[in-house]
Every structure is written in structure tokens, then in C-alpha cells.
>>> print(open('final-v8.cif').read())   # mmCIF, C-alpha atoms
data_input
loop_
_atom_site.group_PDB
_atom_site.id
_atom_site.type_symbol
_atom_site.label_atom_id
_atom_site.label_comp_id
_atom_site.auth_asym_id
_atom_site.auth_seq_id
_atom_site.Cartn_x
_atom_site.Cartn_y
_atom_site.Cartn_z
ATOM 1 C CA MET C 1 -10.688 17.395 13.731
ATOM 2 C CA ARG C 2 -11.205 18.516 10.147
ATOM 3 C CA TRP C 3 -14.452 16.831 9.185
ATOM 4 C CA GLU C 4 -15.837 18.087 5.937
ATOM 5 C CA ALA C 5 -19.076 19.919 6.522
ATOM 6 C CA GLY C 6 -22.082 17.736 5.865
ATOM 7 C CA VAL C 7 -20.350 14.363 6.310
ATOM 8 C CA PRO C 8 -21.611 12.805 9.541
ATOM 9 C CA GLN C 9 -19.221 10.419 11.222
ATOM 10 C CA LYS C 10 -21.543 7.443 10.726
ATOM 11 C CA GLN C 11 -21.683 8.154 7.025
ATOM 12 C CA LEU C 12 -17.922 8.503 6.952
ATOM 13 C CA ILE C 13 -17.459 4.947 8.224
ATOM 14 C CA ILE C 14 -19.782 3.654 5.523
ATOM 15 C CA GLU C 15 -18.020 5.695 2.852
ATOM 16 C CA VAL C 16 -14.613 4.386 3.904
ATOM 17 C CA MET C 17 -15.864 0.789 3.913
ATOM 18 C CA GLU C 18 -17.483 1.132 0.488
ATOM 19 C CA SER C 19 -14.283 2.545 -0.980
ATOM 20 C CA VAL C 20 -12.121 -0.180 0.574
ATOM 21 C CA ILE C 21 -14.432 -2.926 -0.709
ATOM 22 C CA LYS C 22 -14.591 -1.379 -4.198
ATOM 23 C CA ARG C 23 -10.801 -1.091 -4.372
ATOM 24 C CA THR C 24 -10.300 -4.623 -3.008
ATOM 25 C CA ARG C 25 -12.604 -6.028 -5.680
ATOM 26 C CA ALA C 26 -10.896 -4.086 -8.458
ATOM 27 C CA TYR C 27 -7.397 -5.049 -7.290
ATOM 28 C CA PHE C 28 -8.203 -8.746 -6.845
ATOM 29 C CA LYS C 29 -9.856 -8.914 -10.260
ATOM 30 C CA SER C 30 -7.191 -7.046 -12.217
ATOM 31 C CA GLU C 31 -4.137 -8.542 -10.497
ATOM 32 C CA PHE C 32 -5.202 -12.080 -9.625
ATOM 33 C CA ASP C 33 -8.424 -12.652 -11.604
ATOM 34 C CA ILE C 34 -10.189 -13.367 -8.298
ATOM 35 C CA SER C 35 -13.851 -12.343 -7.990
ATOM 36 C CA VAL C 36 -14.969 -11.046 -4.596
ATOM 37 C CA THR C 37 -18.534 -11.132 -3.256
ATOM 38 C CA LYS C 38 -19.922 -9.621 -0.078
ATOM 39 C CA ASN C 39 -21.181 -11.871 2.697
ATOM 40 C CA LYS C 40 -22.442 -10.938 6.160
ATOM 41 C CA ASN C 41 -21.394 -7.806 8.000
ATOM 42 C CA MET C 42 -21.421 -6.955 11.653
ATOM 43 C CA ILE C 43 -20.739 -4.230 14.167
ATOM 44 C CA GLY C 44 -19.598 -4.795 17.727
ATOM 45 C CA ASN C 45 -17.275 -4.106 20.614
ATOM 46 C CA MET C 46 -13.594 -4.916 20.275
ATOM 47 C CA ASN C 47 -13.810 -7.999 22.477
ATOM 48 C CA GLU C 48 -16.099 -9.553 19.845
ATOM 49 C CA ILE C 49 -13.957 -8.967 16.771
ATOM 50 C CA ALA C 50 -13.220 -12.220 14.949
ATOM 51 C CA LEU C 51 -9.956 -12.535 13.069
ATOM 52 C CA LEU C 52 -9.019 -15.171 10.507
ATOM 53 C CA ASP C 53 -5.631 -16.839 10.006
ATOM 54 C CA VAL C 54 -3.371 -14.021 8.754
ATOM 55 C CA THR C 55 -4.121 -10.419 9.717
ATOM 56 C CA ALA C 56 -2.618 -7.160 8.473
ATOM 57 C CA LEU C 57 -3.509 -3.692 9.676
ATOM 58 C CA ILE C 58 -2.893 -0.081 8.743
ATOM 59 C CA ARG C 59 -3.840 3.043 10.627
ATOM 60 C CA ILE C 60 -5.369 5.987 8.779
ATOM 61 C CA ARG C 61 -4.450 9.261 10.446
ATOM 62 C CA GLY C 62 -5.827 12.764 10.156
ATOM 63 C CA ALA C 63 -9.463 13.706 9.727
ATOM 64 C CA ILE C 64 -10.260 10.030 9.220
ATOM 65 C CA ASN C 65 -8.841 8.317 12.274
ATOM 66 C CA LEU C 66 -9.382 4.588 11.932
ATOM 67 C CA LEU C 67 -7.598 1.290 12.074
ATOM 68 C CA VAL C 68 -8.196 -0.808 8.962
ATOM 69 C CA VAL C 69 -7.814 -4.555 9.418
ATOM 70 C CA PHE C 70 -7.580 -7.137 6.624
ATOM 71 C CA SER C 71 -7.876 -10.715 7.864
ATOM 72 C CA PHE C 72 -7.380 -13.636 5.465
ATOM 73 C CA GLU C 73 -8.072 -17.344 5.532
ATOM 74 C CA THR C 74 -4.892 -19.330 4.948
ATOM 75 C CA SER C 75 -6.046 -20.642 1.562
ATOM 76 C CA LEU C 76 -6.662 -17.142 0.198
ATOM 77 C CA ILE C 77 -3.421 -15.574 1.415
ATOM 78 C CA ASN C 78 -1.494 -18.616 0.158
ATOM 79 C CA ALA C 79 -3.027 -18.148 -3.290
ATOM 80 C CA ILE C 80 -2.221 -14.431 -3.302
ATOM 81 C CA TYR C 81 1.324 -15.104 -2.072
ATOM 82 C CA TYR C 82 1.797 -17.669 -4.847
ATOM 83 C CA LEU C 83 0.532 -15.311 -7.563
ATOM 84 C CA MET C 84 2.564 -12.354 -6.275
ATOM 85 C CA THR C 85 5.840 -14.252 -6.056
ATOM 86 C CA LEU C 86 5.596 -16.514 -9.134
ATOM 87 C CA ASP C 87 8.706 -15.067 -10.764
ATOM 88 C CA LEU C 88 10.745 -14.370 -7.627
ATOM 89 C CA GLY C 89 12.116 -17.811 -6.734
ATOM 90 C CA ILE C 90 11.473 -17.661 -2.977
ATOM 91 C CA GLU C 91 13.591 -20.010 -0.848
ATOM 92 C CA ALA C 92 11.735 -22.376 1.493
ATOM 93 C CA SER C 93 13.177 -20.618 4.549
ATOM 94 C CA GLU C 94 11.679 -17.297 3.418
ATOM 95 C CA VAL C 95 8.164 -18.398 2.523
ATOM 96 C CA GLU C 96 6.595 -17.196 5.781
ATOM 97 C CA LYS C 97 8.263 -13.779 5.526
ATOM 98 C CA TYR C 98 6.966 -13.330 1.970
ATOM 99 C CA ARG C 99 3.509 -14.684 2.833
ATOM 100 C CA LYS C 100 3.194 -11.983 5.502
ATOM 101 C CA ALA C 101 4.559 -9.405 3.071
ATOM 102 C CA ALA C 102 1.831 -10.418 0.610
ATOM 103 C CA ALA C 103 -0.835 -9.623 3.221
ATOM 104 C CA GLY C 104 0.861 -6.274 3.893
ATOM 105 C CA ASP C 105 1.075 -5.441 0.195
ATOM 106 C CA VAL C 106 -2.635 -6.165 -0.356
ATOM 107 C CA ILE C 107 -3.815 -3.826 2.401
ATOM 108 C CA ASN C 108 -1.244 -1.178 1.448
ATOM 109 C CA ILE C 109 -2.224 -1.129 -2.222
ATOM 110 C CA VAL C 110 -5.971 -1.206 -1.520
ATOM 111 C CA LEU C 111 -5.791 1.631 1.018
ATOM 112 C CA GLY C 112 -3.419 3.628 -1.173
ATOM 113 C CA HIS C 113 -6.026 3.461 -3.936
ATOM 114 C CA SER C 114 -8.833 4.282 -1.503
ATOM 115 C CA THR C 115 -7.122 7.571 -0.696
ATOM 116 C CA ILE C 116 -8.151 8.654 -4.208
ATOM 117 C CA ASP C 117 -11.834 8.154 -3.287
ATOM 118 C CA LEU C 118 -11.509 9.647 0.186
ATOM 119 C CA GLN C 119 -9.176 12.595 -0.394
ATOM 120 C CA ARG C 120 -12.004 15.153 -0.327
ATOM 121 C CA LEU C 121 -12.616 14.192 3.319
ATOM 122 C CA ASP C 122 -9.173 15.379 4.391
ATOM 123 C CA MET C 123 -7.727 18.170 2.280
ATOM 124 C CA SER C 124 -4.507 18.148 4.312
ATOM 125 C CA GLY C 125 -3.785 14.665 2.908
ATOM 126 C CA ILE C 126 -4.734 11.223 4.168
ATOM 127 C CA LYS C 127 -1.819 9.649 5.973
ATOM 128 C CA ILE C 128 -1.501 5.884 6.273
ATOM 129 C CA THR C 129 1.034 3.950 8.309
ATOM 130 C CA PRO C 130 3.111 1.080 6.920
ATOM 131 C CA PRO C 131 1.275 -2.263 7.214
ATOM 132 C CA LYS C 132 1.755 -4.296 10.360
ATOM 133 C CA ILE C 133 1.210 -8.043 10.484
ATOM 134 C CA LEU C 134 -0.363 -9.358 13.661
ATOM 135 C CA ASN C 135 1.542 -12.296 15.088
ATOM 136 C CA ASN C 136 -0.722 -12.542 18.078
ATOM 137 C CA THR C 137 -4.393 -12.072 17.242
ATOM 138 C CA ASN C 138 -5.177 -11.102 20.826
ATOM 139 C CA ALA C 139 -3.016 -8.007 20.434
ATOM 140 C CA ILE C 140 -5.753 -6.243 18.502
ATOM 141 C CA ARG C 141 -8.004 -6.289 21.569
ATOM 142 C CA GLU C 142 -5.480 -4.196 23.448
ATOM 143 C CA ILE C 143 -5.820 -1.358 20.973
ATOM 144 C CA LYS C 144 -7.402 1.719 22.528
ATOM 145 C CA TYR C 145 -10.208 1.857 19.959
ATOM 146 C CA THR C 146 -13.429 0.318 21.122
ATOM 147 C CA MET C 147 -15.706 -0.638 18.268
ATOM 148 C CA PHE C 148 -15.492 -2.317 14.882
ATOM 149 C CA TYR C 149 -17.473 -2.689 11.684
ATOM 150 C CA THR C 150 -16.627 -5.833 9.727
ATOM 151 C CA GLN C 151 -17.531 -6.811 6.182
ATOM 152 C CA HIS C 152 -16.928 -10.466 5.335
ATOM 153 C CA LEU C 153 -15.925 -11.198 1.740
ATOM 154 C CA GLU C 154 -15.924 -14.466 -0.180
ATOM 155 C CA THR C 155 -13.761 -15.647 -3.053
ATOM 156 C CA SER C 156 -13.400 -19.027 -4.727
ATOM 157 C CA LEU C 157 -9.974 -19.351 -3.058
ATOM 158 C CA GLY C 158 -11.026 -18.536 0.494
ATOM 159 C CA ASN C 159 -12.586 -15.831 2.604
ATOM 160 C CA MET C 160 -11.403 -12.596 4.130
ATOM 161 C CA ALA C 161 -12.779 -9.959 6.456
ATOM 162 C CA ILE C 162 -12.256 -6.213 6.317
ATOM 163 C CA SER C 163 -12.771 -4.360 9.598
ATOM 164 C CA LEU C 164 -12.792 -0.670 10.418
ATOM 165 C CA VAL C 165 -11.895 -0.117 14.032
ATOM 166 C CA GLY C 166 -12.434 3.207 15.740
ATOM 167 C CA ALA C 167 -13.658 5.202 18.668
ATOM 168 C CA GLU C 168 -17.201 4.538 19.871
ATOM 169 C CA LYS C 169 -18.387 7.989 18.774
ATOM 170 C CA LEU C 170 -17.912 6.931 15.160
ATOM 171 C CA PHE C 171 -20.475 4.168 15.555
ATOM 172 C CA SER C 172 -23.765 5.736 16.599
ATOM 173 C CA THR C 173 -26.541 3.623 18.086
ATOM 174 C CA ASN C 174 -28.469 4.149 14.856
ATOM 175 C CA PHE C 175 -25.598 2.780 12.792
ATOM 176 C CA CYS C 176 -27.139 1.161 9.745
ATOM 177 C CA LEU C 177 -25.130 -1.524 7.980
ATOM 178 C CA MET C 178 -25.408 -1.313 4.233
ATOM 179 C CA GLU C 179 -25.769 -4.344 2.004
ATOM 180 C CA MET D 1 24.088 1.356 -27.351
ATOM 181 C CA ALA D 2 22.997 3.467 -24.357
ATOM 182 C CA THR D 3 24.824 2.985 -21.049
ATOM 183 C CA MET D 4 23.020 0.682 -18.618
ATOM 184 C CA LEU D 5 21.306 2.800 -15.944
ATOM 185 C CA THR D 6 22.027 1.949 -12.327
ATOM 186 C CA ILE D 7 19.063 1.913 -9.944
ATOM 187 C CA LEU D 8 18.562 2.081 -6.173
ATOM 188 C CA VAL D 9 15.240 0.444 -5.221
ATOM 189 C CA VAL D 10 13.631 1.657 -1.982
ATOM 190 C CA ASP D 11 10.607 -0.172 -0.570
ATOM 191 C CA ASP D 12 9.684 -1.827 2.740
ATOM 192 C CA SER D 13 8.115 -4.824 1.000
ATOM 193 C CA PRO D 14 10.450 -7.655 -0.030
ATOM 194 C CA ILE D 15 7.918 -8.663 -2.683
ATOM 195 C CA ILE D 16 7.917 -5.218 -4.300
ATOM 196 C CA ILE D 17 11.717 -5.090 -4.163
ATOM 197 C CA GLY D 18 11.858 -8.549 -5.781
ATOM 198 C CA LYS D 19 9.338 -7.654 -8.488
ATOM 199 C CA LEU D 20 11.076 -4.361 -9.297
ATOM 200 C CA LYS D 21 14.439 -6.134 -9.526
ATOM 201 C CA VAL D 22 13.040 -8.622 -12.045
ATOM 202 C CA LEU D 23 11.237 -5.912 -14.014
ATOM 203 C CA LEU D 24 14.177 -3.492 -14.122
ATOM 204 C CA HIS D 25 16.547 -6.274 -15.136
ATOM 205 C CA THR D 26 14.159 -7.253 -17.948
ATOM 206 C CA ILE D 27 14.118 -3.663 -19.213
ATOM 207 C CA GLY D 28 17.911 -3.588 -19.181
ATOM 208 C CA TYR D 29 18.679 -1.554 -16.070
ATOM 209 C CA LYS D 30 20.960 -2.658 -13.241
ATOM 210 C CA VAL D 31 19.729 -2.637 -9.617
ATOM 211 C CA ILE D 32 22.876 -1.856 -7.659
ATOM 212 C CA GLN D 33 21.379 -1.564 -4.179
ATOM 213 C CA THR D 34 18.105 -1.793 -2.247
ATOM 214 C CA ALA D 35 16.847 -0.089 0.923
ATOM 215 C CA GLU D 36 13.840 -0.738 3.167
ATOM 216 C CA ASN D 37 13.145 2.743 4.520
ATOM 217 C CA GLY D 38 13.967 6.402 3.988
ATOM 218 C CA LYS D 39 16.966 6.497 6.302
ATOM 219 C CA GLU D 40 18.555 3.500 4.608
ATOM 220 C CA ALA D 41 17.816 5.109 1.250
ATOM 221 C CA ILE D 42 19.793 8.249 2.097
ATOM 222 C CA GLU D 43 22.804 6.195 3.210
ATOM 223 C CA ALA D 44 22.532 3.913 0.192
ATOM 224 C CA TYR D 45 22.360 6.905 -2.148
ATOM 225 C CA LYS D 46 25.536 8.426 -0.703
ATOM 226 C CA GLN D 47 27.260 5.076 -0.994
ATOM 227 C CA CYS D 48 26.318 3.989 -4.502
ATOM 228 C CA LYS D 49 25.278 7.225 -6.322
ATOM 229 C CA PRO D 50 22.793 5.524 -8.620
ATOM 230 C CA ASP D 51 21.511 7.041 -11.856
ATOM 231 C CA VAL D 52 17.927 6.664 -10.614
ATOM 232 C CA VAL D 53 16.090 5.876 -7.364
ATOM 233 C CA THR D 54 12.669 4.197 -7.250
ATOM 234 C CA MET D 55 11.144 5.376 -3.974
ATOM 235 C CA ASP D 56 8.131 4.075 -2.041
ATOM 236 C CA ILE D 57 6.294 6.635 0.108
ATOM 237 C CA THR D 58 4.832 4.811 3.119
ATOM 238 C CA MET D 59 7.724 3.193 4.973
ATOM 239 C CA PRO D 60 8.811 2.805 8.605
ATOM 240 C CA GLU D 61 11.524 5.012 10.158
ATOM 241 C CA MET D 62 11.374 7.692 7.448
ATOM 242 C CA ASP D 63 8.895 7.994 4.591
ATOM 243 C CA GLY D 64 9.768 8.425 0.940
ATOM 244 C CA ILE D 65 8.848 12.112 0.727
ATOM 245 C CA GLU D 66 11.240 13.034 3.555
ATOM 246 C CA ALA D 67 13.955 10.849 2.080
ATOM 247 C CA THR D 68 13.478 12.477 -1.323
ATOM 248 C CA GLN D 69 13.795 15.951 0.232
ATOM 249 C CA ALA D 70 16.945 14.910 2.066
ATOM 250 C CA ILE D 71 18.577 13.361 -1.002
ATOM 251 C CA MET D 72 17.616 16.286 -3.249
ATOM 252 C CA SER D 73 18.989 18.855 -0.798
ATOM 253 C CA GLU D 74 22.387 17.188 -0.838
ATOM 254 C CA PHE D 75 22.330 15.930 -4.434
ATOM 255 C CA PRO D 76 20.212 18.331 -6.525
ATOM 256 C CA ASP D 77 20.821 16.289 -9.678
ATOM 257 C CA ALA D 78 19.397 13.104 -8.172
ATOM 258 C CA LYS D 79 16.667 11.449 -10.228
ATOM 259 C CA ILE D 80 13.974 9.977 -8.040
ATOM 260 C CA VAL D 81 10.822 8.271 -9.279
ATOM 261 C CA MET D 82 8.116 7.535 -6.725
ATOM 262 C CA VAL D 83 6.646 4.004 -6.953
ATOM 263 C CA THR D 84 3.770 3.921 -4.516
ATOM 264 C CA SER D 85 0.186 2.839 -3.891
ATOM 265 C CA HIS D 86 -0.823 6.391 -2.830
ATOM 266 C CA GLY D 87 -3.097 7.826 -5.475
ATOM 267 C CA GLN D 88 -4.299 11.016 -3.780
ATOM 268 C CA GLU D 89 -3.382 14.253 -5.529
ATOM 269 C CA LYS D 90 -1.900 15.792 -2.387
ATOM 270 C CA MET D 91 0.691 13.020 -2.206
ATOM 271 C CA VAL D 92 1.623 13.375 -5.878
ATOM 272 C CA LEU D 93 2.085 17.141 -5.406
ATOM 273 C CA ASP D 94 4.115 16.645 -2.215
ATOM 274 C CA ALA D 95 6.377 14.178 -4.023
ATOM 275 C CA LEU D 96 6.922 16.516 -6.969
ATOM 276 C CA LYS D 97 7.537 19.419 -4.598
ATOM 277 C CA ALA D 98 10.141 17.312 -2.795
ATOM 278 C CA GLY D 99 11.943 16.902 -6.089
ATOM 279 C CA ALA D 100 10.649 13.632 -7.526
ATOM 280 C CA LYS D 101 10.893 13.421 -11.322
ATOM 281 C CA GLY D 102 8.139 10.860 -11.805
ATOM 282 C CA TYR D 103 5.283 9.005 -10.113
ATOM 283 C CA VAL D 104 4.148 5.427 -10.763
ATOM 284 C CA LEU D 105 1.164 3.856 -9.035
ATOM 285 C CA LYS D 106 1.334 0.301 -7.653
ATOM 286 C CA PRO D 107 0.603 -2.307 -8.848
ATOM 287 C CA PHE D 108 3.040 -1.146 -11.489
ATOM 288 C CA GLN D 109 3.234 -2.057 -15.146
ATOM 289 C CA GLN D 110 6.566 -2.503 -16.864
ATOM 290 C CA GLN D 111 5.860 0.158 -19.507
ATOM 291 C CA LYS D 112 4.917 2.778 -16.896
ATOM 292 C CA VAL D 113 8.065 2.181 -14.839
ATOM 293 C CA TYR D 114 10.220 2.236 -17.975
ATOM 294 C CA GLU D 115 8.644 5.488 -19.221
ATOM 295 C CA ALA D 116 8.965 7.219 -15.846
ATOM 296 C CA ILE D 117 12.652 6.300 -15.551
ATOM 297 C CA GLN D 118 13.486 7.225 -19.134
ATOM 298 C CA LYS D 119 11.719 10.589 -18.760
ATOM 299 C CA ALA D 120 13.462 11.271 -15.441
ATOM 300 C CA CYS D 121 16.778 10.748 -17.242
ATOM 301 C CA LYS D 122 15.617 12.672 -20.315
ATOM 302 C CA ARG D 123 16.186 9.585 -22.452
ATOM 303 C CA PRO D 124 13.980 8.585 -25.398
ATOM 304 C CA VAL D 125 10.953 6.421 -24.648
ATOM 305 C CA GLU D 126 10.352 3.484 -26.963
ATOM 306 C CA LEU D 127 7.189 1.399 -26.979
ATOM 307 C CA HIS D 128 8.830 -1.950 -26.262
ATOM 308 C CA PHE D 129 6.635 -3.194 -23.496
ATOM 309 C CA CYS D 130 3.054 -2.453 -24.551
#
>>> encode(input="final-v8.cif", output="C-alpha cells")
Amino acid sequence: MRWEAGVPQKQLIIEVMESVIKRTRAYFKSEFDISVTKNKNMIGNMNEIALLDVTALIRIRGAINLLVVFSFETSLINAIYYLMTLDLGIEASEVEKYRKAAAGDVINIVLGHSTIDLQRLDMSGIKITPPKILNNTNAIREIKYTMFYTQHLETSLGNMAISLVGAEKLFSTNFCLME
Amino acid sequence: MATMLTILVVDDSPIIIGKLKVLLHTIGYKVIQTAENGKEAIEAYKQCKPDVVTMDITMPEMDGIEATQAIMSEFPDAKIVMVTSHGQEKMVLDALKAGAKGYVLKPFQQQKVYEAIQKACKRPVELHFC
């Protein structure tokens, strides 16, 4: 592990979440003119994680070893899909493929931008995997990681949840959720 | 009138491929082929020998940095512009070290893509799209 000196693992989780939320807000505002506000947050074991209608995930590898999960309500991902593909002329048979791609593009762009904020935590370079869309929401419970930290977000077009999923050691018993 | 540049677009997202096709066509370039990962990109490059490649970084099978290295080692005159969401400095340096001639951050703007491609080809940049 290459943790930067002075950055406790608990603080790292909070720093990653703050960056991801900041970048999500900025991206939604600049690209779609959608304002995002924070709602409740929660921490728990993997068997308690609640996913919404369309879920995309990316794994961050290296010093920061986490699974990042973006879960969207149908109304929100439909709106994003519509705005992203306005000029593409998508055929009816391909709508579902492009709707999933929209979810993948959102998480990919947000995390790509977050690497700017987080790069000092891993000087060897933060590696992220290509986005994966969950077809079966139960599949996430089979992932070897054990705990999650979720921040629920609201927009006028629907809600979404951002979760960081990782090993239990990242989530100390004194874990303090920040508002 | 300048010759129309031919472009190979490499990205694992069909939306990004679609948006780049529309944008590049609007600028006046011709997208002659697309690829969804690094391995496909290498094959497509050999097949169509485009003037320019737009290359994503994070892709399945083989990432864009590896694909850039592979293309550059076989075709040292290749002109590859990274179009990616990765903003960290390490990634930009890795891409340039691999031989990329430009770097554009997603979500991309038409002017930035145009400028990066024109500079990669050492062609004049005009301010058409501001």
C-alpha cells in the first residue's frame, strides 16, 4: 500500500466522496444544467446497500482501492440519456444500449475528473477500470468488499446515490459521516 | 482548400463515438473507422491508416496508452490525440511519453478537439468554433 503519510484511511474515504460529489455537481450543472443537492447518507454492510434502477460501477485501483457505484432513478438517467444523445438519432432498438452507456459515461467522466483532486494520494497514478453496468442488482452483494458509504443526491429530474464500497478496515467504528 | 483529414475514433462508449462523429463531421473531417478498445484500434490503424486517431484511455481489453505505444512503435509518424476523462498529470505525461500529440479532456468542446487535431497535424488553427 502506498498511503500518503498523514492521510488516515477514514479520512481518505471522506476525501474521495467529497471529490466525487463536487465533480458530479460541476458536471451535471455545466453539461445538463441540472442542480444537485445532498440528501441523507449512510454507512453499512454490503447486504444493506440499496441500489436504484440503473447502476454503474468503476473500480479504483492502487493506493486507493475502492469500488465506486453510481445508482440512478429511471427518470434521472432517462433525462441524462436524452440530453447526451439529442443529436445522435438513436434507433428505437438501441435505446437501452445507449441508456446504459449514458450511465457509464457519467461515472467515467466524474471519476476521471476526480483523479485531478486525488492524484496526490497515489503518485504512481490512479487507475480506474472501464465502467460496468449492473444487470442484476444482487451481483454487487457478491463482491468481496464488505462495507459501503452512500451519499444520496437529489435533482429536479430524479435522485441518485453514490456509494464507495471497500474493505472493512477503511470504515473505522468511529467513522463520522460529513454533511 | 486543405485536404479533408481522415480520422479513426477509438472509444468504448457508443455515445462518445457518436458525438465525436457528429463533431468531427461538422468541423470538416472524415471519420473513416471506429474502434471500441486498444486492440481493435491497432488493427483498425493498420487497415485504414488514418491521418489522425482520437484515442480514449480507459477501455477494456487494452487501454489507450498501450495502444498508442503499439501504434507509434510500428508507425512513428502516426498522429494520436487522447480524448479522455482522465485529468491527472501522471496520465497526461504517460500519454505524451507514449507518443500522443495532444490531449483533450471529456466532456469535449468542439474548439478544443479541432485545435488539438490541427496542432497534431501542424496545420493552422482558426477560431471558427468559439
>>> residues_around(input="final-v8.cif", residues="C:Ala26", least_positions_apart="6", cutoff="10 Å", atoms="all atoms listed in the file", output="ChimeraX atom specification")
/C:20,32-36,110
>>> atom_distance(input="final-v8.cif", atom1="atom CA of D:Lys21", atom2="atom CA of D:Ala95")
22.5 Å
>>> closest_residue(input="final-v8.cif", among="D:Gln109, D:Thr6, D:Gln69, D:Ser13", to="chain C", atoms="only C-alpha atoms")
D:Ser13
>>> resolve_selection(input="final-v8.cif", expression="the PyMOL selection byres ((chain D and resi 51) around 12)", output="number ranges by chain")
D: 3-9, 29-33, 45-46, 48-50, 52-54, 75, 77-81, 117-118, 120-122
>>> interface_residues(input="final-v8.cif", of="chain D", to="chain C", cutoff="6 Å", atoms="only C-alpha atoms", output="VMD selection string")
chain D and resid 58 to 59 85 to 88 90
>>> resolve_selection(input="final-v8.cif", expression="the PyMOL selection byres ((chain C and resi 151) around 8)", output="number ranges by chain")
C: 38-42, 149-150, 152-153, 161-163
>>> atom_distance(input="final-v8.cif", atom1="atom CA of C:Ile58", atom2="atom CA of C:Ser93")
26.4 Å
>>> closest_residue(input="final-v8.cif", among="D:Glu126, D:Gln110, D:Asp56, D:Leu93", to="D:Leu24", atoms="all atoms listed in the file")
D:Gln110
>>> atom_distance(input="final-v8.cif", atom1="atom CA of C:Phe148", atom2="atom CA of C:Ser19")
16.6 Å
>>> build_atoms(input="final-v8.cif", residues="stretch 10-24 of chain D", atoms="N, CA and C atoms", output="PDB file, keeping the file's coordinate frame")
ATOM      1  N   VAL D  10      13.978   1.433  -3.388  1.00  0.00           N
ATOM      2  CA  VAL D  10      13.631   1.657  -1.982  1.00  0.00           C
ATOM      3  C   VAL D  10      12.174   1.261  -1.748  1.00  0.00           C
ATOM      4  N   ASP D  11      11.965   0.269  -0.906  1.00  0.00           N
ATOM      5  CA  ASP D  11      10.607  -0.172  -0.570  1.00  0.00           C
ATOM      6  C   ASP D  11      10.692  -1.050   0.676  1.00  0.00           C
ATOM      7  N   ASP D  12       9.659  -0.987   1.530  1.00  0.00           N
ATOM      8  CA  ASP D  12       9.684  -1.827   2.740  1.00  0.00           C
ATOM      9  C   ASP D  12       9.124  -3.218   2.494  1.00  0.00           C
ATOM     10  N   SER D  13       8.651  -3.490   1.285  1.00  0.00           N
ATOM     11  CA  SER D  13       8.115  -4.824   1.000  1.00  0.00           C
ATOM     12  C   SER D  13       9.129  -5.647   0.217  1.00  0.00           C
ATOM     13  N   PRO D  14       9.501  -6.825   0.730  1.00  0.00           N
ATOM     14  CA  PRO D  14      10.450  -7.655  -0.030  1.00  0.00           C
ATOM     15  C   PRO D  14       9.860  -8.133  -1.356  1.00  0.00           C
ATOM     16  N   ILE D  15       8.540  -8.237  -1.415  1.00  0.00           N
ATOM     17  CA  ILE D  15       7.918  -8.663  -2.683  1.00  0.00           C
ATOM     18  C   ILE D  15       8.067  -7.566  -3.739  1.00  0.00           C
ATOM     19  N   ILE D  16       7.796  -6.327  -3.341  1.00  0.00           N
ATOM     20  CA  ILE D  16       7.917  -5.218  -4.300  1.00  0.00           C
ATOM     21  C   ILE D  16       9.365  -5.067  -4.749  1.00  0.00           C
ATOM     22  N   ILE D  17      10.290  -5.180  -3.789  1.00  0.00           N
ATOM     23  CA  ILE D  17      11.717  -5.090  -4.163  1.00  0.00           C
ATOM     24  C   ILE D  17      12.052  -6.191  -5.177  1.00  0.00           C
ATOM     25  N   GLY D  18      11.587  -7.415  -4.890  1.00  0.00           N
ATOM     26  CA  GLY D  18      11.858  -8.549  -5.781  1.00  0.00           C
ATOM     27  C   GLY D  18      11.257  -8.320  -7.159  1.00  0.00           C
ATOM     28  N   LYS D  19      10.011  -7.858  -7.206  1.00  0.00           N
ATOM     29  CA  LYS D  19       9.338  -7.654  -8.488  1.00  0.00           C
ATOM     30  C   LYS D  19      10.008  -6.523  -9.291  1.00  0.00           C
ATOM     31  N   LEU D  20      10.405  -5.458  -8.598  1.00  0.00           N
ATOM     32  CA  LEU D  20      11.076  -4.361  -9.297  1.00  0.00           C
ATOM     33  C   LEU D  20      12.442  -4.809  -9.839  1.00  0.00           C
ATOM     34  N   LYS D  21      13.143  -5.628  -9.046  1.00  0.00           N
ATOM     35  CA  LYS D  21      14.439  -6.134  -9.526  1.00  0.00           C
ATOM     36  C   LYS D  21      14.268  -6.904 -10.837  1.00  0.00           C
ATOM     37  N   VAL D  22      13.288  -7.807 -10.845  1.00  0.00           N
ATOM     38  CA  VAL D  22      13.040  -8.622 -12.045  1.00  0.00           C
ATOM     39  C   VAL D  22      12.663  -7.725 -13.215  1.00  0.00           C
ATOM     40  N   LEU D  23      11.734  -6.798 -12.955  1.00  0.00           N
ATOM     41  CA  LEU D  23      11.237  -5.912 -14.014  1.00  0.00           C
ATOM     42  C   LEU D  23      12.350  -5.010 -14.574  1.00  0.00           C
ATOM     43  N   LEU D  24      13.126  -4.420 -13.678  1.00  0.00           N
ATOM     44  CA  LEU D  24      14.177  -3.492 -14.122  1.00  0.00           C
ATOM     45  C   LEU D  24      15.274  -4.231 -14.883  1.00  0.00           C
TER      46      LEU D  24
END
